[in-house]
Amino acid sequence: DLSGFTNLQKVNVSRNRITGLKVTNTPSLYYLNAGNNRLSGIDISSCPQLKDLRLYRNSLANLDISGTPLLSRLNVSANALVELNVSNSANLETLSCNNNHMEALILDNCPKLKNLYAAYNNLADVTFTGLVSLENLNLDSNRFKNLYLQDLSTLFTLLISDNRMEALSVSNCRNLSDLDAAYNDLTTFSVEGCPNLAFVNLAWNDLTYVNLSNQNFLQRLNVANNQLLTLDVTFDQVLRYVNVSNNYNLTDLRTEGCTQLHMLRGVVDDDMYI
């Protein structure tokens, strides 16, 4: 019980067997690490200075952060959360909520959010509009069928593998560099308006066509295990690696001008045009 310690600023009680933790009336507390314990709940409503909250690897089923307006970092990965509402967290920059049971994630009015890690949940629909600072997004192993991220101009890394994706739009995500959308159900894909892509993994989908036009920085491309008929990566002068394995209908592969191409995997047909 840490209640009433009005000058307390930092607390680290991680890696114990704590089942209950009271921090009421701790107005100076700005750092709390109670990760890797046995907490099923915690009240942080009277911690207005809290900026860094780490509650990973507990048994939390719910969490209310509405009383922490200065919160910039929140880690609640590996809990039992079904819903997480971080709306109106105006200073939140990093949110880690991997490995929960989340079906709902509410992100309204989080203008400073840069890093969002929400892999291994049950998410199927999240609204990302208004996340004007978002740089890194990990949604691996969820239940998304459609995802529309167009015009997220600050997005740098997108991990969306192992979902149920049938449609994915990243148009005009101009800073996007790393994209992993493997193990989905995509049939077509376009990177229009994403001129800075360096790594693209679209393996294990149902793609028949991929638009990679105007890609001048693409270095690694994996489109193995799809249904591609043609693939055109001509004049990408920094492309070093391409994997087209197990695209049994691929008859037209164009790589002219790819002067740095060191590895081309999956080409076994001597009649294929390269």
# chains A, B, ... in the order shown; residues from 1 in each chain; ligands from 1
>>> residues_around(residues="A:Leu2", least_positions_apart="4", cutoff="12 Å", atoms="only C-alpha atoms", output="PyMOL selection string")
chain A and resi 6-13+20-27+29+32+43-44+47
>>> residues_around(residues="A:Ala167", least_positions_apart="4", cutoff="12 Å", atoms="only C-alpha atoms", output="ChimeraX atom specification")
/A:144-149,160,163,181,184-190,205-207
>>> write_last_selection(atoms="C-alpha atoms", output="PDB file, in the first residue's frame")
ATOM      1  CA  PHE A 144      -8.630  -7.604 -39.664  1.00  0.00           C
ATOM      2  CA  LYS A 145     -10.307  -8.142 -43.030  1.00  0.00           C
ATOM      3  CA  ASN A 146     -10.045  -4.571 -44.280  1.00  0.00           C
ATOM      4  CA  LEU A 147      -7.630  -1.848 -43.284  1.00  0.00           C
ATOM      5  CA  TYR A 148      -7.562   1.685 -44.653  1.00  0.00           C
ATOM      6  CA  LEU A 149      -4.531   3.705 -43.626  1.00  0.00           C
ATOM      7  CA  ILE A 160      -0.111  -6.598 -40.454  1.00  0.00           C
ATOM      8  CA  ASN A 163      -4.739 -11.604 -40.289  1.00  0.00           C
ATOM      9  CA  ALA A 181       1.394  -8.100 -44.883  1.00  0.00           C
ATOM     10  CA  ASN A 184      -3.439 -12.827 -45.466  1.00  0.00           C
ATOM     11  CA  ASP A 185      -6.072 -13.120 -48.214  1.00  0.00           C
ATOM     12  CA  LEU A 186      -5.077 -10.183 -50.417  1.00  0.00           C
ATOM     13  CA  THR A 187      -5.810 -10.536 -54.133  1.00  0.00           C
ATOM     14  CA  THR A 188      -4.483  -7.179 -55.370  1.00  0.00           C
ATOM     15  CA  PHE A 189      -2.253  -4.557 -53.836  1.00  0.00           C
ATOM     16  CA  SER A 190      -1.013  -1.100 -54.775  1.00  0.00           C
ATOM     17  CA  ASN A 205      -1.582 -14.228 -50.042  1.00  0.00           C
ATOM     18  CA  ASP A 206      -3.773 -14.715 -53.134  1.00  0.00           C
ATOM     19  CA  LEU A 207      -2.242 -11.927 -55.184  1.00  0.00           C
TER      20      LEU A 207
END
>>> closest_residue(among="A:Tyr248, A:Tyr209, A:Tyr183, A:Tyr117", to="A:Asn75", atoms="only C-alpha atoms")
A:Tyr117
>>> residues_around(residues="stretch 233-235 of chain A", least_positions_apart="3", cutoff="7 Å", atoms="only C-alpha atoms", output="PyMOL selection string")
chain A and resi 212+254-258
>>> write_last_selection(atoms="C-alpha atoms", output="mmCIF file, in the first residue's frame")
data_model
loop_
_atom_site.group_PDB
_atom_site.id
_atom_site.type_symbol
_atom_site.label_atom_id
_atom_site.label_comp_id
_atom_site.auth_asym_id
_atom_site.auth_seq_id
_atom_site.Cartn_x
_atom_site.Cartn_y
_atom_site.Cartn_z
ATOM 1 C CA LEU A 212 5.171 -1.488 -57.682
ATOM 2 C CA ARG A 254 10.624 -8.022 -65.637
ATOM 3 C CA THR A 255 13.813 -6.939 -63.868
ATOM 4 C CA GLU A 256 15.545 -4.783 -66.480
ATOM 5 C CA GLY A 257 17.700 -2.092 -64.967
ATOM 6 C CA CYS A 258 17.888 -3.721 -61.505
#
>>> residues_around(residues="stretch 88-102 of chain A", least_positions_apart="5", cutoff="7 Å", atoms="only C-alpha atoms", output="compact mmCIF listing (two decimals) with N, CA and C atoms, in the first residue's frame")
# COMPACT_ATOMS: atom_id res chain seq x y z
N PRO A 69 -3.58 12.58 -17.48
CA PRO A 69 -3.50 13.38 -18.71
C PRO A 69 -2.10 13.55 -19.28
N LEU A 70 -1.07 13.30 -18.48
CA LEU A 70 0.31 13.48 -18.94
C LEU A 70 0.94 12.19 -19.43
N LEU A 71 0.21 11.10 -19.40
CA LEU A 71 0.76 9.80 -19.74
C LEU A 71 1.33 9.80 -21.16
N SER A 72 2.61 9.41 -21.27
CA SER A 72 3.26 9.36 -22.59
C SER A 72 3.65 7.95 -22.99
N ARG A 73 3.76 7.04 -22.03
CA ARG A 73 4.13 5.66 -22.36
C ARG A 73 3.28 4.70 -21.53
N LEU A 74 2.64 3.75 -22.21
CA LEU A 74 1.78 2.77 -21.54
C LEU A 74 2.09 1.40 -22.09
N ASN A 75 2.44 0.47 -21.20
CA ASN A 75 2.70 -0.92 -21.58
C ASN A 75 1.80 -1.83 -20.77
N VAL A 76 0.81 -2.41 -21.45
CA VAL A 76 -0.12 -3.36 -20.80
C VAL A 76 -0.12 -4.67 -21.56
N SER A 77 0.97 -5.00 -22.22
CA SER A 77 1.06 -6.25 -22.96
C SER A 77 0.94 -7.45 -22.03
N ALA A 78 0.43 -8.54 -22.59
CA ALA A 78 0.32 -9.81 -21.86
C ALA A 78 -0.55 -9.68 -20.62
N ASN A 79 -1.79 -9.23 -20.84
CA ASN A 79 -2.80 -9.20 -19.79
C ASN A 79 -4.05 -9.91 -20.31
N ALA A 80 -5.19 -9.57 -19.73
CA ALA A 80 -6.45 -10.20 -20.14
C ALA A 80 -7.45 -9.16 -20.62
N LEU A 81 -6.95 -8.07 -21.16
CA LEU A 81 -7.81 -6.97 -21.60
C LEU A 81 -8.64 -7.37 -22.82
N VAL A 82 -9.92 -7.04 -22.78
CA VAL A 82 -10.82 -7.24 -23.91
C VAL A 82 -11.04 -5.92 -24.63
N GLU A 83 -10.99 -4.83 -23.90
CA GLU A 83 -11.17 -3.49 -24.46
C GLU A 83 -10.19 -2.54 -23.81
N ASP A 108 -9.21 7.68 -30.15
CA ASP A 108 -9.62 9.03 -30.51
C ASP A 108 -8.78 10.09 -29.78
N ASN A 109 -8.39 11.10 -30.54
CA ASN A 109 -7.68 12.25 -29.98
C ASN A 109 -6.39 11.84 -29.27
N CYS A 110 -5.52 11.17 -30.03
CA CYS A 110 -4.18 10.84 -29.53
C CYS A 110 -3.17 11.41 -30.53
N PRO A 111 -3.03 12.73 -30.58
CA PRO A 111 -2.27 13.36 -31.66
C PRO A 111 -0.77 13.12 -31.61
N LYS A 112 -0.23 12.69 -30.46
CA LYS A 112 1.21 12.48 -30.35
C LYS A 112 1.61 11.01 -30.44
N LEU A 113 0.64 10.12 -30.63
CA LEU A 113 0.95 8.69 -30.64
C LEU A 113 1.86 8.34 -31.81
N LYS A 114 3.05 7.84 -31.50
CA LYS A 114 4.04 7.48 -32.52
C LYS A 114 4.16 5.97 -32.71
N ASN A 115 4.05 5.23 -31.62
CA ASN A 115 4.30 3.80 -31.67
C ASN A 115 3.12 3.04 -31.09
N LEU A 116 2.53 2.17 -31.89
CA LEU A 116 1.38 1.38 -31.45
C LEU A 116 1.66 -0.09 -31.74
N TYR A 117 1.74 -0.87 -30.67
CA TYR A 117 2.02 -2.30 -30.77
C TYR A 117 0.82 -3.05 -30.19
N ALA A 118 0.02 -3.64 -31.09
CA ALA A 118 -1.23 -4.30 -30.68
C ALA A 118 -1.34 -5.68 -31.30
N ALA A 119 -0.24 -6.37 -31.45
CA ALA A 119 -0.24 -7.70 -32.06
C ALA A 119 -0.83 -8.75 -31.13
N TYR A 120 -1.27 -9.84 -31.73
CA TYR A 120 -1.78 -10.99 -30.98
C TYR A 120 -2.98 -10.62 -30.11
N ASN A 121 -4.01 -10.12 -30.78
CA ASN A 121 -5.27 -9.81 -30.13
C ASN A 121 -6.41 -10.32 -31.01
N ASN A 122 -7.62 -9.84 -30.76
CA ASN A 122 -8.78 -10.23 -31.55
C ASN A 122 -9.40 -9.03 -32.26
N LEU A 123 -8.58 -8.06 -32.59
CA LEU A 123 -9.06 -6.83 -33.21
C LEU A 123 -9.48 -7.06 -34.66
>>> select_by_dssp(residues="stretch 98-168 of chain A", states="strand (DSSP E or B)", output="short mmCIF file (atom, residue, chain, number, x, y, z; two decimals) with all heavy atoms, in the first residue's frame")
data_model
loop_
_atom_site.label_atom_id
_atom_site.label_comp_id
_atom_site.auth_asym_id
_atom_site.auth_seq_id
_atom_site.Cartn_x
_atom_site.Cartn_y
_atom_site.Cartn_z
N ALA A 104 -11.67 -4.45 -28.88
CA ALA A 104 -11.90 -3.03 -29.12
C ALA A 104 -10.70 -2.23 -28.62
O ALA A 104 -10.20 -2.46 -27.52
CB ALA A 104 -13.17 -2.56 -28.42
N LEU A 105 -10.25 -1.30 -29.46
CA LEU A 105 -9.17 -0.39 -29.11
C LEU A 105 -9.57 1.00 -29.60
O LEU A 105 -9.75 1.22 -30.79
CB LEU A 105 -7.86 -0.82 -29.78
CG LEU A 105 -6.64 0.08 -29.57
CD1 LEU A 105 -6.31 0.24 -28.09
CD2 LEU A 105 -5.44 -0.47 -30.34
N ILE A 106 -9.73 1.92 -28.65
CA ILE A 106 -10.24 3.26 -28.96
C ILE A 106 -9.11 4.27 -28.84
O ILE A 106 -8.51 4.42 -27.77
CB ILE A 106 -11.41 3.62 -28.02
CG1 ILE A 106 -12.50 2.54 -28.12
CG2 ILE A 106 -11.98 4.98 -28.38
CD1 ILE A 106 -13.58 2.66 -27.07
N ASN A 115 4.05 5.23 -31.62
CA ASN A 115 4.30 3.80 -31.67
C ASN A 115 3.12 3.04 -31.09
O ASN A 115 2.76 3.25 -29.92
CB ASN A 115 5.57 3.46 -30.86
CG ASN A 115 6.76 4.30 -31.28
OD1 ASN A 115 7.20 4.24 -32.41
ND2 ASN A 115 7.27 5.10 -30.35
N LEU A 116 2.53 2.17 -31.89
CA LEU A 116 1.38 1.38 -31.45
C LEU A 116 1.66 -0.09 -31.74
O LEU A 116 1.81 -0.50 -32.89
CB LEU A 116 0.12 1.82 -32.18
CG LEU A 116 -1.14 0.99 -31.93
CD1 LEU A 116 -1.47 0.89 -30.45
CD2 LEU A 116 -2.32 1.56 -32.71
N TYR A 117 1.74 -0.87 -30.67
CA TYR A 117 2.02 -2.30 -30.77
C TYR A 117 0.82 -3.05 -30.19
O TYR A 117 0.63 -3.09 -28.97
CB TYR A 117 3.29 -2.65 -30.01
CG TYR A 117 4.47 -1.76 -30.38
CD1 TYR A 117 4.98 -0.83 -29.47
CD2 TYR A 117 5.04 -1.83 -31.64
CE1 TYR A 117 6.05 -0.01 -29.81
CE2 TYR A 117 6.10 -1.01 -31.99
CZ TYR A 117 6.61 -0.10 -31.06
OH TYR A 117 7.65 0.71 -31.41
N ASN A 136 5.10 3.85 -36.17
CA ASN A 136 5.27 2.40 -36.15
C ASN A 136 3.98 1.73 -35.68
O ASN A 136 3.47 2.03 -34.60
CB ASN A 136 6.42 2.01 -35.22
CG ASN A 136 7.74 2.63 -35.66
OD1 ASN A 136 8.23 2.35 -36.74
ND2 ASN A 136 8.29 3.49 -34.82
N LEU A 137 3.47 0.81 -36.51
CA LEU A 137 2.19 0.16 -36.23
C LEU A 137 2.34 -1.35 -36.41
O LEU A 137 2.68 -1.82 -37.49
CB LEU A 137 1.12 0.70 -37.17
CG LEU A 137 -0.29 0.08 -37.08
CD1 LEU A 137 -0.86 0.23 -35.68
CD2 LEU A 137 -1.20 0.71 -38.11
N ASN A 138 2.09 -2.10 -35.33
CA ASN A 138 2.15 -3.56 -35.38
C ASN A 138 0.79 -4.13 -35.01
O ASN A 138 0.34 -4.00 -33.87
CB ASN A 138 3.22 -4.09 -34.42
CG ASN A 138 3.43 -5.59 -34.56
OD1 ASN A 138 2.63 -6.30 -35.16
ND2 ASN A 138 4.52 -6.10 -34.00
N ASN A 146 -10.26 -5.78 -43.49
CA ASN A 146 -10.05 -4.57 -44.28
C ASN A 146 -9.32 -3.55 -43.41
O ASN A 146 -9.63 -3.39 -42.24
CB ASN A 146 -11.37 -3.98 -44.76
CG ASN A 146 -12.20 -4.97 -45.54
OD1 ASN A 146 -11.88 -5.31 -46.66
ND2 ASN A 146 -13.29 -5.46 -44.92
N LEU A 147 -8.37 -2.86 -44.02
CA LEU A 147 -7.63 -1.85 -43.28
C LEU A 147 -7.31 -0.69 -44.23
O LEU A 147 -6.71 -0.89 -45.29
CB LEU A 147 -6.33 -2.43 -42.73
CG LEU A 147 -5.56 -1.58 -41.73
CD1 LEU A 147 -6.41 -1.29 -40.50
CD2 LEU A 147 -4.27 -2.27 -41.31
N TYR A 148 -7.74 0.50 -43.82
CA TYR A 148 -7.56 1.69 -44.65
C TYR A 148 -6.71 2.69 -43.88
O TYR A 148 -7.18 3.29 -42.91
CB TYR A 148 -8.92 2.27 -45.04
CG TYR A 148 -9.79 1.27 -45.78
CD1 TYR A 148 -10.78 0.56 -45.11
CD2 TYR A 148 -9.57 1.03 -47.13
CE1 TYR A 148 -11.55 -0.37 -45.79
CE2 TYR A 148 -10.34 0.10 -47.81
CZ TYR A 148 -11.33 -0.60 -47.14
OH TYR A 148 -12.08 -1.53 -47.81
N THR A 157 6.66 2.15 -40.39
CA THR A 157 6.64 0.68 -40.36
C THR A 157 5.22 0.19 -40.14
O THR A 157 4.54 0.64 -39.21
CB THR A 157 7.54 0.14 -39.23
OG1 THR A 157 8.89 0.59 -39.44
CG2 THR A 157 7.52 -1.38 -39.19
N LEU A 158 4.78 -0.76 -40.97
CA LEU A 158 3.47 -1.38 -40.83
C LEU A 158 3.63 -2.89 -40.85
O LEU A 158 4.08 -3.47 -41.84
CB LEU A 158 2.54 -0.94 -41.96
CG LEU A 158 1.18 -1.66 -42.02
CD1 LEU A 158 0.39 -1.46 -40.74
CD2 LEU A 158 0.38 -1.19 -43.23
N LEU A 159 3.23 -3.53 -39.75
CA LEU A 159 3.24 -4.99 -39.64
C LEU A 159 1.80 -5.45 -39.46
O LEU A 159 1.16 -5.13 -38.46
CB LEU A 159 4.10 -5.43 -38.44
CG LEU A 159 5.53 -4.87 -38.38
CD1 LEU A 159 6.24 -5.38 -37.13
CD2 LEU A 159 6.30 -5.23 -39.64
N ALA A 167 -8.50 -6.57 -48.09
CA ALA A 167 -8.23 -5.26 -48.68
C ALA A 167 -7.33 -4.47 -47.74
O ALA A 167 -7.56 -4.43 -46.52
CB ALA A 167 -9.54 -4.50 -48.92
N LEU A 168 -6.30 -3.85 -48.31
CA LEU A 168 -5.38 -3.03 -47.54
C LEU A 168 -5.02 -1.81 -48.37
O LEU A 168 -4.55 -1.94 -49.51
CB LEU A 168 -4.11 -3.82 -47.21
CG LEU A 168 -2.95 -3.05 -46.56
CD1 LEU A 168 -3.38 -2.49 -45.21
CD2 LEU A 168 -1.73 -3.96 -46.41
#
>>> residues_around(residues="A:Leu239", least_positions_apart="4", cutoff="6 Å", atoms="only C-alpha atoms", output="list in words")
Leu218, Gln219, Gln260 and Leu261 of chain A
>>> write_last_selection(atoms="C-alpha atoms", output="short mmCIF file (atom, residue, chain, number, x, y, z; two decimals), in the first residue's frame")
data_model
loop_
_atom_site.label_atom_id
_atom_site.label_comp_id
_atom_site.auth_asym_id
_atom_site.auth_seq_id
_atom_site.Cartn_x
_atom_site.Cartn_y
_atom_site.Cartn_z
CA LEU A 218 12.84 -0.82 -52.72
CA GLN A 219 15.59 -3.20 -51.58
CA GLN A 260 22.03 -4.28 -57.71
CA LEU A 261 19.89 -7.43 -57.78
#
>>> atom_distance(atom1="atom CA of A:Leu253", atom2="atom CA of A:Leu231")
4.9 Å
>>> atom_distance(atom1="atom CA of A:Gly130", atom2="atom CA of A:Ser153")
11.2 Å
>>> residues_around(residues="stretch 16-19 of chain A", least_positions_apart="4", cutoff="8 Å", atoms="only C-alpha atoms", output="VMD selection string")
chain A and resid 36 to 40
>>> atom_distance(atom1="atom CA of A:Gly41", atom2="atom CA of A:Asn142")
24.8 Å
>>> decode(residues="stretch 135-163 of chain A", atoms="N, CA and C atoms", output="PDB file, in the first residue's frame")
ATOM      1  N   GLU A 135       4.097   6.496 -36.383  1.00  0.00           N
ATOM      2  CA  GLU A 135       5.267   6.069 -37.147  1.00  0.00           C
ATOM      3  C   GLU A 135       5.382   4.555 -37.251  1.00  0.00           C
ATOM      4  N   ASN A 136       5.096   3.846 -36.173  1.00  0.00           N
ATOM      5  CA  ASN A 136       5.268   2.397 -36.149  1.00  0.00           C
ATOM      6  C   ASN A 136       3.979   1.730 -35.679  1.00  0.00           C
ATOM      7  N   LEU A 137       3.468   0.812 -36.509  1.00  0.00           N
ATOM      8  CA  LEU A 137       2.189   0.157 -36.226  1.00  0.00           C
ATOM      9  C   LEU A 137       2.336  -1.346 -36.405  1.00  0.00           C
ATOM     10  N   ASN A 138       2.089  -2.099 -35.334  1.00  0.00           N
ATOM     11  CA  ASN A 138       2.151  -3.562 -35.377  1.00  0.00           C
ATOM     12  C   ASN A 138       0.791  -4.128 -35.012  1.00  0.00           C
ATOM     13  N   LEU A 139       0.147  -4.764 -36.008  1.00  0.00           N
ATOM     14  CA  LEU A 139      -1.160  -5.389 -35.821  1.00  0.00           C
ATOM     15  C   LEU A 139      -1.112  -6.866 -36.208  1.00  0.00           C
ATOM     16  N   ASP A 140       0.051  -7.468 -36.145  1.00  0.00           N
ATOM     17  CA  ASP A 140       0.188  -8.883 -36.491  1.00  0.00           C
ATOM     18  C   ASP A 140      -0.771  -9.754 -35.690  1.00  0.00           C
ATOM     19  N   SER A 141      -1.268 -10.799 -36.332  1.00  0.00           N
ATOM     20  CA  SER A 141      -2.056 -11.837 -35.657  1.00  0.00           C
ATOM     21  C   SER A 141      -3.286 -11.265 -34.953  1.00  0.00           C
ATOM     22  N   ASN A 142      -4.128 -10.616 -35.746  1.00  0.00           N
ATOM     23  CA  ASN A 142      -5.437 -10.176 -35.301  1.00  0.00           C
ATOM     24  C   ASN A 142      -6.491 -10.729 -36.258  1.00  0.00           C
ATOM     25  N   ARG A 143      -7.612 -10.023 -36.410  1.00  0.00           N
ATOM     26  CA  ARG A 143      -8.698 -10.524 -37.249  1.00  0.00           C
ATOM     27  C   ARG A 143      -9.161  -9.509 -38.289  1.00  0.00           C
ATOM     28  N   PHE A 144      -8.274  -8.625 -38.689  1.00  0.00           N
ATOM     29  CA  PHE A 144      -8.630  -7.604 -39.664  1.00  0.00           C
ATOM     30  C   PHE A 144      -8.921  -8.229 -41.028  1.00  0.00           C
ATOM     31  N   LYS A 145     -10.004  -7.776 -41.648  1.00  0.00           N
ATOM     32  CA  LYS A 145     -10.307  -8.142 -43.030  1.00  0.00           C
ATOM     33  C   LYS A 145     -10.039  -6.980 -43.974  1.00  0.00           C
ATOM     34  N   ASN A 146     -10.262  -5.777 -43.488  1.00  0.00           N
ATOM     35  CA  ASN A 146     -10.045  -4.571 -44.280  1.00  0.00           C
ATOM     36  C   ASN A 146      -9.323  -3.554 -43.414  1.00  0.00           C
ATOM     37  N   LEU A 147      -8.375  -2.861 -44.024  1.00  0.00           N
ATOM     38  CA  LEU A 147      -7.630  -1.848 -43.284  1.00  0.00           C
ATOM     39  C   LEU A 147      -7.311  -0.693 -44.230  1.00  0.00           C
ATOM     40  N   TYR A 148      -7.740   0.502 -43.824  1.00  0.00           N
ATOM     41  CA  TYR A 148      -7.562   1.685 -44.653  1.00  0.00           C
ATOM     42  C   TYR A 148      -6.714   2.694 -43.884  1.00  0.00           C
ATOM     43  N   LEU A 149      -5.485   2.848 -44.320  1.00  0.00           N
ATOM     44  CA  LEU A 149      -4.531   3.705 -43.626  1.00  0.00           C
ATOM     45  C   LEU A 149      -4.048   4.852 -44.502  1.00  0.00           C
ATOM     46  N   GLN A 150      -4.795   5.156 -45.539  1.00  0.00           N
ATOM     47  CA  GLN A 150      -4.348   6.169 -46.469  1.00  0.00           C
ATOM     48  C   GLN A 150      -4.149   7.517 -45.785  1.00  0.00           C
ATOM     49  N   ASP A 151      -3.158   8.229 -46.276  1.00  0.00           N
ATOM     50  CA  ASP A 151      -2.846   9.584 -45.827  1.00  0.00           C
ATOM     51  C   ASP A 151      -2.230   9.658 -44.435  1.00  0.00           C
ATOM     52  N   LEU A 152      -1.735   8.524 -43.903  1.00  0.00           N
ATOM     53  CA  LEU A 152      -0.959   8.590 -42.665  1.00  0.00           C
ATOM     54  C   LEU A 152       0.479   8.910 -43.065  1.00  0.00           C
ATOM     55  N   SER A 153       0.748  10.175 -43.228  1.00  0.00           N
ATOM     56  CA  SER A 153       1.990  10.611 -43.870  1.00  0.00           C
ATOM     57  C   SER A 153       3.232  10.347 -43.031  1.00  0.00           C
ATOM     58  N   THR A 154       3.078  10.096 -41.732  1.00  0.00           N
ATOM     59  CA  THR A 154       4.236   9.855 -40.871  1.00  0.00           C
ATOM     60  C   THR A 154       4.533   8.369 -40.689  1.00  0.00           C
ATOM     61  N   LEU A 155       3.652   7.489 -41.158  1.00  0.00           N
ATOM     62  CA  LEU A 155       3.815   6.053 -40.928  1.00  0.00           C
ATOM     63  C   LEU A 155       5.083   5.545 -41.590  1.00  0.00           C
ATOM     64  N   PHE A 156       5.910   4.850 -40.815  1.00  0.00           N
ATOM     65  CA  PHE A 156       7.201   4.351 -41.296  1.00  0.00           C
ATOM     66  C   PHE A 156       7.220   2.823 -41.398  1.00  0.00           C
ATOM     67  N   THR A 157       6.660   2.147 -40.389  1.00  0.00           N
ATOM     68  CA  THR A 157       6.644   0.683 -40.358  1.00  0.00           C
ATOM     69  C   THR A 157       5.224   0.193 -40.135  1.00  0.00           C
ATOM     70  N   LEU A 158       4.783  -0.759 -40.975  1.00  0.00           N
ATOM     71  CA  LEU A 158       3.472  -1.378 -40.828  1.00  0.00           C
ATOM     72  C   LEU A 158       3.627  -2.890 -40.849  1.00  0.00           C
ATOM     73  N   LEU A 159       3.230  -3.530 -39.750  1.00  0.00           N
ATOM     74  CA  LEU A 159       3.241  -4.990 -39.637  1.00  0.00           C
ATOM     75  C   LEU A 159       1.804  -5.449 -39.461  1.00  0.00           C
ATOM     76  N   ILE A 160       1.288  -6.192 -40.452  1.00  0.00           N
ATOM     77  CA  ILE A 160      -0.111  -6.598 -40.454  1.00  0.00           C
ATOM     78  C   ILE A 160      -0.225  -8.060 -40.914  1.00  0.00           C
ATOM     79  N   SER A 161       0.799  -8.856 -40.653  1.00  0.00           N
ATOM     80  CA  SER A 161       0.800 -10.247 -41.101  1.00  0.00           C
ATOM     81  C   SER A 161      -0.141 -11.102 -40.257  1.00  0.00           C
ATOM     82  N   ASP A 162      -0.517 -12.236 -40.814  1.00  0.00           N
ATOM     83  CA  ASP A 162      -1.324 -13.226 -40.109  1.00  0.00           C
ATOM     84  C   ASP A 162      -2.644 -12.650 -39.616  1.00  0.00           C
ATOM     85  N   ASN A 163      -3.379 -12.047 -40.540  1.00  0.00           N
ATOM     86  CA  ASN A 163      -4.739 -11.604 -40.289  1.00  0.00           C
ATOM     87  C   ASN A 163      -5.654 -12.289 -41.306  1.00  0.00           C
TER      88      ASN A 163
END
